[in-house]
Number of protein chains: 2
Amino acid sequence: MNTEEKYRRAALKEAEKARKIDEVPVGAVVVRDGQIIARAHNMREHNGQAMAHAEMLAIQKASRKLGTWCLSDCDLYVTLEPCMMCTGVISLARIRTLCYGTPDPKGGATESLIRVKEIRHIGTYPKEIRSGLLQSECAAVLQTFFRAKRAAKKQQKTTADLQ
Amino acid sequence: MNTEEKYRRAALKEAEKARKIDEVPVGAVVVRDGQIIARAHNMREHNGQAMAHAEMLAIQKASRKLGTWCLSDCDLYVTLEPCMMCTGVISLARIRTLCYGTPDPKGGATESLIRVKEIRHIGTYPKEIRSGLLQSECAAVLQTFFRAKRAAKKQQKTTADLQ
C-alpha cells in the first residue's frame with residue numbers, strides 16, 4: 001500500500017466509525033510531514049452542530065495541535081467531495097492539497113456544484129485537488145448507509161399501514 | 001430604533017469587540033422569537049482557528065443553546081457579507097433569514113463572488129437574504145481597522161529603513 005492509499009484508507013476507517021454510530025459516513029484525516037496529525041468523522045447528529053462535518057472537525061483538531069489556523073503545509077484526505085462550508089474552511093485554513101474519494105453531485109462545492117478553482121480569491125487554496133482513488137469504496141459506504149435508511153423507512157411505513 | 005436596527009446594532013457592537021482585541025472587526029447575532037440567543041465576533045487569531053468567524057461561532061452558540069443543528073426558525077445578523085464557509089454553514093444550519101451589513105467584493109460568497117441563491121441544492125436556505133441597513137457603519141469599522149493596519153506597517157517600514 002503506498003502512502004497516498006494509506007491516508008485514504010485512514011479516512012475511510014473514520015467514515016466507518018461514523019456509520020457505526022448512525023451518522024452519514026464521511027471521514028477525513030489531515031497529514032503533515034508524512035504523519036496523520038488529525039482524524040475525524042461526521043458528528044452532526046451527536047454534536048447537534050451543522051458544522052460538525054468530518055473535514056471541519058479534522059481541520060479544527062489539526063489547528064489545535066499545531067497552534068495555528070494556517071495549515072499551508074498540510075494535506076486533507078476525505079472520503080466525499082467537500083460541501084460549500086468545508087470547501088470554504090479548506091481554503092481559509094490554506095490546506096495545500098485536497099484529496100477526496102467520491103464526488104457529490106448534490107452537495108459538492110469543490111468541483112460539482114461549484115468549481116472552486118475558478119472563483120477569484122477563494123480559489124487560491126488548496127493548491128492541488130485530487131480525486132478518484134478508492135472512489136468505489138468511499139461511495140459504497142455511503143450507498144449502503146442510505147439504502148439501509150430507505151429500507152428502514154419503508155418497513156416503518158408498511159408497519160404503520162398495517163396497524 | 002426598530003427591532004431590525006436593534007439586531008444590526010448588536011452585531012455592530014460585536015464587531016467593535018473584535019476590533020478592540022485586534023481581530024478583523026466582524027460581528028454576528030442569532031435571533032429567535034424576537035430574542036438575541038447568540039452573539040459572537042471574529043476570533044481567528046485568538047482561537048488559532050480558520051473557522052472562528054463571527055457567523056460560525058454565533059451559529060455554534062445558538063445550536064448549543066437550542067440543542068439542535070437545525071436553526072430553521074432563526075435569523076442571522078452579521079456586519080459583513082459571509083464568506084464561502086459561513087454561507088455554507090448558514091445554509092446547512094437552515095438559517096431562515098440572513099441580514100448582512102456591507103458586501104465583501106473580495107470574499108463574499110452570498111451575492112458577490114458567488115450568488116448562493118442560484119446554486120441548486122445549496123441555495124435552499126436561507127429563505128431570504130437582506131442587506132444594506134447600517135451598511136456605512138459596518139463598512140467604516142472595517143475601513144478604520146485596515147487603514148490603521150496599513151499605517152502601522154508603513155511606519156514599521158520607515159523605521160526599519162532609517163535604522
# chains A, B, ... in the order shown; residues from 1 in each chain; ligands from 1

$ select_by_dssp --residues "range 58-139 of chain A" --states "strand (DSSP E)" --output "VMD selection string"
chain A and resid 74 to 80 97 to 102 128 to 131

$ write_last_selection --atoms "C-alpha atoms" --output "PDB file, in the first residue's frame"
ATOM      1  CA  CYS A  74      -0.894  20.163   5.468  1.00  0.00           C
ATOM      2  CA  ASP A  75      -2.919  17.932   3.141  1.00  0.00           C
ATOM      3  CA  LEU A  76      -6.506  16.822   3.721  1.00  0.00           C
ATOM      4  CA  TYR A  77      -7.877  13.410   2.764  1.00  0.00           C
ATOM      5  CA  VAL A  78     -11.652  12.989   2.839  1.00  0.00           C
ATOM      6  CA  THR A  79     -13.951  10.243   1.547  1.00  0.00           C
ATOM      7  CA  LEU A  80     -16.562  12.574  -0.037  1.00  0.00           C
ATOM      8  CA  THR A  97      -3.618  19.561  -1.168  1.00  0.00           C
ATOM      9  CA  LEU A  98      -7.166  18.251  -1.049  1.00  0.00           C
ATOM     10  CA  CYS A  99      -7.754  14.586  -1.926  1.00  0.00           C
ATOM     11  CA  TYR A 100     -11.326  13.372  -1.925  1.00  0.00           C
ATOM     12  CA  GLY A 101     -12.718   9.944  -2.676  1.00  0.00           C
ATOM     13  CA  THR A 102     -16.046  10.237  -4.437  1.00  0.00           C
ATOM     14  CA  GLU A 128      -3.992  20.995  -5.729  1.00  0.00           C
ATOM     15  CA  ILE A 129      -7.189  18.944  -5.804  1.00  0.00           C
ATOM     16  CA  ARG A 130      -7.104  15.198  -6.484  1.00  0.00           C
ATOM     17  CA  SER A 131      -9.934  12.694  -6.517  1.00  0.00           C
TER      18      SER A 131
END

$ calpha_fit_and_write --fixed "chain B" --moving "chain A" --output "compact mmCIF listing (two decimals) with N, CA and C atoms, in the first residue's frame"
# COMPACT_ATOMS: atom_id res chain seq x y z
N MET A 1 -35.67 53.25 17.56
CA MET A 1 -34.95 52.21 16.82
C MET A 1 -35.87 51.00 16.62
N ASN A 2 -36.08 50.56 15.38
CA ASN A 2 -36.90 49.36 15.18
C ASN A 2 -36.09 48.09 15.53
N THR A 3 -36.80 46.97 15.58
CA THR A 3 -36.12 45.73 16.03
C THR A 3 -35.00 45.33 15.06
N GLU A 4 -35.27 45.46 13.76
CA GLU A 4 -34.26 45.13 12.74
C GLU A 4 -32.97 45.90 13.03
N GLU A 5 -33.12 47.19 13.30
CA GLU A 5 -31.93 48.01 13.56
C GLU A 5 -31.27 47.58 14.89
N LYS A 6 -32.09 47.19 15.83
CA LYS A 6 -31.56 46.76 17.14
C LYS A 6 -30.63 45.55 16.96
N TYR A 7 -31.05 44.58 16.16
CA TYR A 7 -30.23 43.39 15.94
C TYR A 7 -28.94 43.74 15.19
N ARG A 8 -29.10 44.62 14.22
CA ARG A 8 -27.91 45.00 13.44
C ARG A 8 -26.92 45.78 14.31
N ARG A 9 -27.45 46.60 15.21
CA ARG A 9 -26.56 47.35 16.13
C ARG A 9 -25.87 46.39 17.09
N ALA A 10 -26.56 45.33 17.48
CA ALA A 10 -25.95 44.33 18.37
C ALA A 10 -24.80 43.62 17.64
N ALA A 11 -24.98 43.35 16.35
CA ALA A 11 -23.91 42.73 15.55
C ALA A 11 -22.73 43.69 15.43
N LEU A 12 -23.05 44.97 15.24
CA LEU A 12 -22.02 46.01 15.12
C LEU A 12 -21.22 46.13 16.42
N LYS A 13 -21.90 46.00 17.53
CA LYS A 13 -21.25 46.05 18.84
C LYS A 13 -20.26 44.88 18.97
N GLU A 14 -20.64 43.72 18.42
CA GLU A 14 -19.74 42.56 18.42
C GLU A 14 -18.50 42.83 17.57
N ALA A 15 -18.72 43.50 16.41
CA ALA A 15 -17.59 43.84 15.53
C ALA A 15 -16.62 44.75 16.29
N GLU A 16 -17.18 45.65 17.06
CA GLU A 16 -16.37 46.59 17.84
C GLU A 16 -15.52 45.83 18.88
N LYS A 17 -16.10 44.78 19.45
CA LYS A 17 -15.35 43.96 20.42
C LYS A 17 -14.16 43.29 19.74
N ALA A 18 -14.37 42.83 18.49
CA ALA A 18 -13.28 42.21 17.73
C ALA A 18 -12.17 43.22 17.48
N ARG A 19 -12.56 44.42 17.08
CA ARG A 19 -11.57 45.47 16.80
C ARG A 19 -10.69 45.75 18.02
N LYS A 20 -11.33 45.77 19.17
CA LYS A 20 -10.60 46.09 20.41
C LYS A 20 -9.54 45.05 20.75
N ILE A 21 -9.70 43.83 20.25
CA ILE A 21 -8.68 42.80 20.53
C ILE A 21 -7.86 42.49 19.27
N ASP A 22 -7.90 43.45 18.33
CA ASP A 22 -7.07 43.38 17.12
C ASP A 22 -7.44 42.24 16.17
N GLU A 23 -8.71 41.85 16.18
CA GLU A 23 -9.20 40.88 15.19
C GLU A 23 -9.94 41.67 14.09
N VAL A 24 -9.98 41.14 12.87
CA VAL A 24 -10.76 41.80 11.81
C VAL A 24 -12.18 41.98 12.33
N PRO A 25 -12.67 43.25 12.38
CA PRO A 25 -13.93 43.53 13.07
C PRO A 25 -15.20 43.12 12.31
N VAL A 26 -15.63 41.92 12.59
CA VAL A 26 -16.91 41.41 12.06
C VAL A 26 -17.67 40.84 13.25
N GLY A 27 -18.96 41.15 13.31
CA GLY A 27 -19.79 40.66 14.42
C GLY A 27 -21.08 40.07 13.91
N ALA A 28 -21.67 39.16 14.71
CA ALA A 28 -22.91 38.50 14.29
C ALA A 28 -23.78 38.18 15.50
N VAL A 29 -25.10 38.16 15.28
CA VAL A 29 -26.03 37.68 16.31
C VAL A 29 -27.07 36.76 15.67
N VAL A 30 -27.58 35.82 16.47
CA VAL A 30 -28.66 34.94 16.01
C VAL A 30 -29.92 35.32 16.79
N VAL A 31 -31.02 35.49 16.07
CA VAL A 31 -32.28 35.93 16.67
C VAL A 31 -33.35 34.85 16.50
N ARG A 32 -34.09 34.59 17.59
CA ARG A 32 -35.20 33.63 17.55
C ARG A 32 -36.35 34.18 18.38
N ASP A 33 -37.54 34.16 17.84
CA ASP A 33 -38.72 34.70 18.53
C ASP A 33 -38.45 36.09 19.10
N GLY A 34 -37.79 36.93 18.32
CA GLY A 34 -37.55 38.31 18.74
C GLY A 34 -36.45 38.49 19.78
N GLN A 35 -35.80 37.41 20.17
CA GLN A 35 -34.73 37.49 21.18
C GLN A 35 -33.38 37.14 20.57
N ILE A 36 -32.35 37.87 20.97
CA ILE A 36 -30.99 37.50 20.56
C ILE A 36 -30.56 36.31 21.42
N ILE A 37 -30.32 35.16 20.77
CA ILE A 37 -29.95 33.97 21.54
C ILE A 37 -28.45 33.66 21.47
N ALA A 38 -27.73 34.32 20.56
CA ALA A 38 -26.28 34.11 20.47
C ALA A 38 -25.60 35.33 19.86
N ARG A 39 -24.45 35.67 20.41
CA ARG A 39 -23.65 36.80 19.92
C ARG A 39 -22.22 36.31 19.75
N ALA A 40 -21.55 36.77 18.71
CA ALA A 40 -20.14 36.37 18.54
C ALA A 40 -19.41 37.34 17.63
N HIS A 41 -18.11 37.34 17.75
CA HIS A 41 -17.28 38.15 16.84
C HIS A 41 -16.09 37.33 16.39
N ASN A 42 -15.48 37.80 15.34
CA ASN A 42 -14.34 37.12 14.75
C ASN A 42 -13.25 36.87 15.80
N MET A 43 -12.74 35.64 15.83
CA MET A 43 -11.74 35.26 16.84
C MET A 43 -10.62 34.43 16.21
N ARG A 44 -10.41 34.58 14.91
CA ARG A 44 -9.46 33.72 14.21
C ARG A 44 -8.08 33.69 14.88
N GLU A 45 -7.51 34.86 15.13
CA GLU A 45 -6.15 34.90 15.69
C GLU A 45 -6.13 34.39 17.14
N HIS A 46 -7.10 34.81 17.92
CA HIS A 46 -7.12 34.40 19.33
C HIS A 46 -7.35 32.90 19.50
N ASN A 47 -8.25 32.34 18.67
CA ASN A 47 -8.54 30.91 18.78
C ASN A 47 -7.57 30.06 17.95
N GLY A 48 -6.84 30.68 17.03
CA GLY A 48 -5.95 29.93 16.14
C GLY A 48 -6.72 28.96 15.27
N GLN A 49 -7.93 29.40 14.85
CA GLN A 49 -8.81 28.53 14.06
C GLN A 49 -9.35 29.30 12.86
N ALA A 50 -9.15 28.74 11.67
CA ALA A 50 -9.68 29.37 10.45
C ALA A 50 -11.20 29.48 10.49
N MET A 51 -11.83 28.55 11.23
CA MET A 51 -13.30 28.55 11.26
C MET A 51 -13.90 29.57 12.22
N ALA A 52 -13.06 30.27 12.99
CA ALA A 52 -13.58 31.14 14.05
C ALA A 52 -14.08 32.49 13.54
N HIS A 53 -14.92 32.46 12.51
CA HIS A 53 -15.58 33.67 12.03
C HIS A 53 -16.81 33.95 12.91
N ALA A 54 -17.24 35.19 12.91
CA ALA A 54 -18.38 35.61 13.75
C ALA A 54 -19.63 34.75 13.51
N GLU A 55 -19.98 34.55 12.24
CA GLU A 55 -21.22 33.81 11.92
C GLU A 55 -21.14 32.37 12.42
N MET A 56 -19.97 31.74 12.17
CA MET A 56 -19.79 30.34 12.56
C MET A 56 -19.91 30.19 14.08
N LEU A 57 -19.25 31.08 14.81
CA LEU A 57 -19.28 31.00 16.28
C LEU A 57 -20.69 31.29 16.82
N ALA A 58 -21.39 32.23 16.18
CA ALA A 58 -22.75 32.56 16.63
C ALA A 58 -23.69 31.38 16.39
N ILE A 59 -23.55 30.72 15.24
CA ILE A 59 -24.38 29.55 14.92
C ILE A 59 -24.07 28.40 15.88
N GLN A 60 -22.80 28.21 16.17
CA GLN A 60 -22.40 27.17 17.14
C GLN A 60 -23.04 27.41 18.50
N LYS A 61 -22.98 28.66 18.96
CA LYS A 61 -23.56 29.01 20.27
C LYS A 61 -25.07 28.79 20.27
N ALA A 62 -25.73 29.21 19.18
CA ALA A 62 -27.19 29.06 19.09
C ALA A 62 -27.57 27.58 19.13
N SER A 63 -26.83 26.75 18.40
CA SER A 63 -27.12 25.31 18.38
C SER A 63 -26.90 24.68 19.75
N ARG A 64 -25.85 25.13 20.42
CA ARG A 64 -25.57 24.62 21.77
C ARG A 64 -26.73 24.97 22.70
N LYS A 65 -27.22 26.19 22.55
CA LYS A 65 -28.32 26.67 23.40
C LYS A 65 -29.62 25.90 23.13
N LEU A 66 -29.91 25.67 21.85
CA LEU A 66 -31.18 25.05 21.50
C LEU A 66 -31.09 23.51 21.44
N GLY A 67 -29.88 22.99 21.45
CA GLY A 67 -29.70 21.54 21.43
C GLY A 67 -30.01 20.91 20.09
N THR A 68 -29.87 21.67 19.02
CA THR A 68 -30.10 21.13 17.68
C THR A 68 -29.28 21.89 16.64
N TRP A 69 -28.91 21.15 15.58
CA TRP A 69 -28.19 21.79 14.48
C TRP A 69 -29.15 22.56 13.58
N CYS A 70 -30.44 22.28 13.71
CA CYS A 70 -31.43 22.87 12.78
C CYS A 70 -31.99 24.18 13.33
N LEU A 71 -31.59 25.28 12.71
CA LEU A 71 -31.99 26.60 13.20
C LEU A 71 -32.98 27.26 12.24
N SER A 72 -33.96 26.47 11.77
CA SER A 72 -34.85 26.97 10.71
C SER A 72 -35.84 28.03 11.19
N ASP A 73 -35.90 28.27 12.51
CA ASP A 73 -36.73 29.39 13.00
C ASP A 73 -35.85 30.53 13.52
N CYS A 74 -34.62 30.56 13.05
CA CYS A 74 -33.68 31.60 13.49
C CYS A 74 -33.22 32.49 12.33
N ASP A 75 -32.91 33.74 12.66
CA ASP A 75 -32.37 34.69 11.69
C ASP A 75 -30.96 35.09 12.13
N LEU A 76 -30.10 35.34 11.15
CA LEU A 76 -28.72 35.73 11.46
C LEU A 76 -28.46 37.15 10.97
N TYR A 77 -27.90 37.96 11.85
CA TYR A 77 -27.51 39.33 11.50
C TYR A 77 -26.00 39.41 11.60
N VAL A 78 -25.35 39.86 10.53
CA VAL A 78 -23.89 39.94 10.52
C VAL A 78 -23.47 41.24 9.81
N THR A 79 -22.35 41.80 10.25
CA THR A 79 -21.95 43.12 9.72
C THR A 79 -21.39 43.05 8.29
N LEU A 80 -20.79 41.90 7.93
CA LEU A 80 -20.15 41.76 6.61
C LEU A 80 -20.76 40.58 5.86
N GLU A 81 -20.85 40.69 4.54
CA GLU A 81 -21.35 39.57 3.73
C GLU A 81 -20.55 38.30 4.04
N PRO A 82 -21.21 37.18 4.32
CA PRO A 82 -20.50 35.95 4.68
C PRO A 82 -19.59 35.40 3.57
N CYS A 83 -18.49 34.77 4.00
CA CYS A 83 -17.57 34.11 3.08
C CYS A 83 -18.18 32.77 2.65
N MET A 84 -17.41 32.00 1.88
CA MET A 84 -17.90 30.71 1.39
C MET A 84 -18.21 29.75 2.54
N MET A 85 -17.29 29.65 3.50
CA MET A 85 -17.51 28.76 4.63
C MET A 85 -18.78 29.14 5.39
N CYS A 86 -18.92 30.44 5.68
CA CYS A 86 -20.06 30.88 6.50
C CYS A 86 -21.37 30.79 5.72
N THR A 87 -21.34 31.09 4.43
CA THR A 87 -22.55 30.92 3.62
C THR A 87 -22.96 29.45 3.65
N GLY A 88 -21.95 28.57 3.63
CA GLY A 88 -22.21 27.14 3.70
C GLY A 88 -22.87 26.73 5.00
N VAL A 89 -22.33 27.18 6.13
CA VAL A 89 -22.89 26.76 7.42
C VAL A 89 -24.27 27.40 7.64
N ILE A 90 -24.48 28.60 7.13
CA ILE A 90 -25.79 29.26 7.23
C ILE A 90 -26.83 28.40 6.51
N SER A 91 -26.44 27.87 5.36
CA SER A 91 -27.32 27.02 4.57
C SER A 91 -27.54 25.66 5.28
N LEU A 92 -26.45 25.06 5.76
CA LEU A 92 -26.54 23.75 6.44
C LEU A 92 -27.36 23.82 7.73
N ALA A 93 -27.26 24.95 8.44
CA ALA A 93 -27.99 25.11 9.70
C ALA A 93 -29.44 25.55 9.43
N ARG A 94 -29.76 25.74 8.16
CA ARG A 94 -31.11 26.15 7.73
C ARG A 94 -31.58 27.46 8.34
N ILE A 95 -30.64 28.39 8.48
CA ILE A 95 -30.98 29.74 8.95
C ILE A 95 -32.07 30.31 8.02
N ARG A 96 -33.13 30.86 8.63
CA ARG A 96 -34.29 31.32 7.85
C ARG A 96 -33.99 32.59 7.04
N THR A 97 -33.49 33.61 7.76
CA THR A 97 -33.20 34.90 7.11
C THR A 97 -31.78 35.33 7.42
N LEU A 98 -31.08 35.76 6.40
CA LEU A 98 -29.73 36.29 6.57
C LEU A 98 -29.76 37.78 6.29
N CYS A 99 -29.31 38.59 7.24
CA CYS A 99 -29.21 40.04 7.04
C CYS A 99 -27.77 40.45 7.22
N TYR A 100 -27.14 40.95 6.18
CA TYR A 100 -25.76 41.40 6.35
C TYR A 100 -25.64 42.89 6.06
N GLY A 101 -24.61 43.49 6.69
CA GLY A 101 -24.46 44.94 6.58
C GLY A 101 -23.87 45.39 5.26
N THR A 102 -22.60 45.05 5.05
CA THR A 102 -21.91 45.57 3.87
C THR A 102 -21.39 44.41 3.00
N PRO A 103 -21.46 44.58 1.68
CA PRO A 103 -20.96 43.48 0.81
C PRO A 103 -19.45 43.34 0.90
N ASP A 104 -18.95 42.15 0.53
CA ASP A 104 -17.51 41.90 0.52
C ASP A 104 -17.10 41.46 -0.89
N PRO A 105 -16.69 42.42 -1.71
CA PRO A 105 -16.38 42.08 -3.11
C PRO A 105 -15.24 41.07 -3.26
N LYS A 106 -14.37 40.96 -2.25
CA LYS A 106 -13.22 40.06 -2.35
C LYS A 106 -13.45 38.68 -1.75
N GLY A 107 -14.44 38.56 -0.86
CA GLY A 107 -14.62 37.25 -0.20
C GLY A 107 -16.07 36.84 -0.02
N GLY A 108 -16.99 37.71 -0.34
CA GLY A 108 -18.41 37.44 -0.11
C GLY A 108 -18.92 36.33 -1.03
N ALA A 109 -19.48 35.30 -0.43
CA ALA A 109 -19.94 34.15 -1.24
C ALA A 109 -21.45 34.01 -1.18
N THR A 110 -22.14 35.09 -0.79
CA THR A 110 -23.59 35.06 -0.75
C THR A 110 -24.16 35.72 -2.00
N GLU A 111 -23.60 36.90 -2.32
CA GLU A 111 -24.08 37.62 -3.51
C GLU A 111 -22.95 38.22 -4.34
N SER A 112 -21.72 38.28 -3.82
CA SER A 112 -20.63 38.94 -4.56
C SER A 112 -19.89 37.97 -5.49
N LEU A 113 -19.00 37.13 -4.94
CA LEU A 113 -18.23 36.20 -5.78
C LEU A 113 -19.09 35.03 -6.25
N ILE A 114 -20.01 34.62 -5.38
CA ILE A 114 -20.96 33.54 -5.71
C ILE A 114 -22.35 34.08 -5.38
N ARG A 115 -23.34 33.76 -6.20
CA ARG A 115 -24.72 34.10 -5.85
C ARG A 115 -25.37 32.79 -5.40
N VAL A 116 -25.40 32.60 -4.07
CA VAL A 116 -25.76 31.30 -3.51
C VAL A 116 -27.19 30.88 -3.86
N LYS A 117 -28.09 31.84 -3.98
CA LYS A 117 -29.48 31.49 -4.28
C LYS A 117 -29.62 30.83 -5.65
N GLU A 118 -28.62 31.04 -6.51
CA GLU A 118 -28.70 30.47 -7.86
C GLU A 118 -28.11 29.06 -7.93
N ILE A 119 -27.54 28.59 -6.80
CA ILE A 119 -26.94 27.25 -6.83
C ILE A 119 -27.93 26.22 -6.33
N ARG A 120 -28.25 25.29 -7.20
CA ARG A 120 -29.19 24.21 -6.90
C ARG A 120 -28.77 23.49 -5.61
N HIS A 121 -29.67 23.01 -4.82
CA HIS A 121 -29.46 22.31 -3.54
C HIS A 121 -28.94 23.27 -2.45
N ILE A 122 -27.76 23.87 -2.69
CA ILE A 122 -27.17 24.74 -1.65
C ILE A 122 -28.08 25.94 -1.40
N GLY A 123 -28.67 26.48 -2.46
CA GLY A 123 -29.43 27.73 -2.38
C GLY A 123 -30.80 27.64 -1.72
N THR A 124 -31.14 26.53 -1.09
CA THR A 124 -32.47 26.37 -0.47
C THR A 124 -32.60 27.27 0.76
N TYR A 125 -31.53 27.32 1.54
CA TYR A 125 -31.49 28.21 2.70
C TYR A 125 -30.33 29.17 2.55
N PRO A 126 -30.45 30.38 3.13
CA PRO A 126 -31.58 30.97 3.83
C PRO A 126 -32.73 31.31 2.86
N LYS A 127 -33.94 31.32 3.43
CA LYS A 127 -35.11 31.61 2.60
C LYS A 127 -35.04 33.04 2.07
N GLU A 128 -34.48 33.95 2.89
CA GLU A 128 -34.42 35.36 2.49
C GLU A 128 -33.05 35.94 2.82
N ILE A 129 -32.56 36.79 1.94
CA ILE A 129 -31.29 37.49 2.19
C ILE A 129 -31.55 38.99 2.08
N ARG A 130 -31.18 39.73 3.11
CA ARG A 130 -31.34 41.19 3.07
C ARG A 130 -29.99 41.83 3.36
N SER A 131 -29.77 43.01 2.81
CA SER A 131 -28.51 43.70 3.09
C SER A 131 -28.72 45.20 3.04
N GLY A 132 -27.74 45.93 3.52
CA GLY A 132 -27.75 47.39 3.32
C GLY A 132 -27.99 48.24 4.55
N LEU A 133 -28.86 47.81 5.48
CA LEU A 133 -29.13 48.66 6.65
C LEU A 133 -27.86 48.78 7.51
N LEU A 134 -27.52 50.00 7.86
CA LEU A 134 -26.28 50.31 8.61
C LEU A 134 -25.02 49.96 7.81
N GLN A 135 -25.17 49.88 6.49
CA GLN A 135 -24.04 49.48 5.64
C GLN A 135 -22.80 50.34 5.87
N SER A 136 -23.00 51.68 5.88
CA SER A 136 -21.83 52.56 6.00
C SER A 136 -21.13 52.38 7.35
N GLU A 137 -21.90 52.15 8.40
CA GLU A 137 -21.28 51.94 9.72
C GLU A 137 -20.52 50.61 9.77
N CYS A 138 -21.13 49.58 9.16
CA CYS A 138 -20.48 48.26 9.13
C CYS A 138 -19.19 48.31 8.30
N ALA A 139 -19.23 49.07 7.21
CA ALA A 139 -18.04 49.21 6.36
C ALA A 139 -16.98 50.05 7.07
N ALA A 140 -17.43 51.12 7.76
CA ALA A 140 -16.50 52.06 8.40
C ALA A 140 -15.62 51.36 9.44
N VAL A 141 -16.20 50.46 10.22
CA VAL A 141 -15.42 49.79 11.26
C VAL A 141 -14.30 48.94 10.64
N LEU A 142 -14.58 48.37 9.47
CA LEU A 142 -13.56 47.59 8.76
C LEU A 142 -12.51 48.50 8.13
N GLN A 143 -12.98 49.59 7.48
CA GLN A 143 -12.05 50.52 6.83
C GLN A 143 -11.08 51.12 7.84
N THR A 144 -11.60 51.54 8.99
CA THR A 144 -10.75 52.13 10.03
C THR A 144 -9.70 51.13 10.49
N PHE A 145 -10.12 49.88 10.66
CA PHE A 145 -9.21 48.82 11.11
C PHE A 145 -8.08 48.62 10.11
N PHE A 146 -8.43 48.47 8.83
CA PHE A 146 -7.40 48.18 7.82
C PHE A 146 -6.52 49.40 7.54
N ARG A 147 -7.09 50.61 7.65
CA ARG A 147 -6.31 51.84 7.48
C ARG A 147 -5.22 51.90 8.58
N ALA A 148 -5.62 51.60 9.79
CA ALA A 148 -4.68 51.62 10.92
C ALA A 148 -3.59 50.56 10.73
N LYS A 149 -3.98 49.40 10.21
CA LYS A 149 -3.02 48.30 9.96
C LYS A 149 -1.98 48.74 8.93
N ARG A 150 -2.48 49.38 7.84
CA ARG A 150 -1.57 49.82 6.77
C ARG A 150 -0.61 50.89 7.28
N ALA A 151 -1.16 51.83 8.08
CA ALA A 151 -0.33 52.91 8.62
C ALA A 151 0.76 52.34 9.53
N ALA A 152 0.41 51.37 10.35
CA ALA A 152 1.38 50.75 11.27
C ALA A 152 2.48 50.04 10.48
N LYS A 153 2.09 49.40 9.38
CA LYS A 153 3.05 48.67 8.53
C LYS A 153 4.02 49.66 7.88
N LYS A 154 3.47 50.78 7.41
CA LYS A 154 4.27 51.81 6.74
C LYS A 154 5.27 52.40 7.74
N GLN A 155 4.78 52.67 8.93
CA GLN A 155 5.61 53.24 10.00
C GLN A 155 6.76 52.29 10.33
N GLN A 156 6.43 51.01 10.39
CA GLN A 156 7.41 49.98 10.70
C GLN A 156 8.50 49.94 9.63
N LYS A 157 8.06 50.05 8.37
CA LYS A 157 8.98 50.00 7.24
C LYS A 157 9.91 51.22 7.27
N THR A 158 9.33 52.42 7.53
CA THR A 158 10.11 53.65 7.59
C THR A 158 11.16 53.54 8.69
N THR A 159 10.76 53.04 9.85
CA THR A 159 11.69 52.88 10.98
C THR A 159 12.81 51.91 10.61
N ALA A 160 12.45 50.82 9.94
CA ALA A 160 13.45 49.81 9.54
C ALA A 160 14.43 50.41 8.53
N ASP A 161 13.92 51.24 7.59
CA ASP A 161 14.77 51.86 6.57
C ASP A 161 15.77 52.83 7.21
N LEU A 162 15.35 53.51 8.27
CA LEU A 162 16.19 54.51 8.94
C LEU A 162 17.28 53.86 9.79
N GLN A 163 17.05 52.61 10.17
CA GLN A 163 18.02 51.95 11.08
C GLN A 163 19.23 51.40 10.33
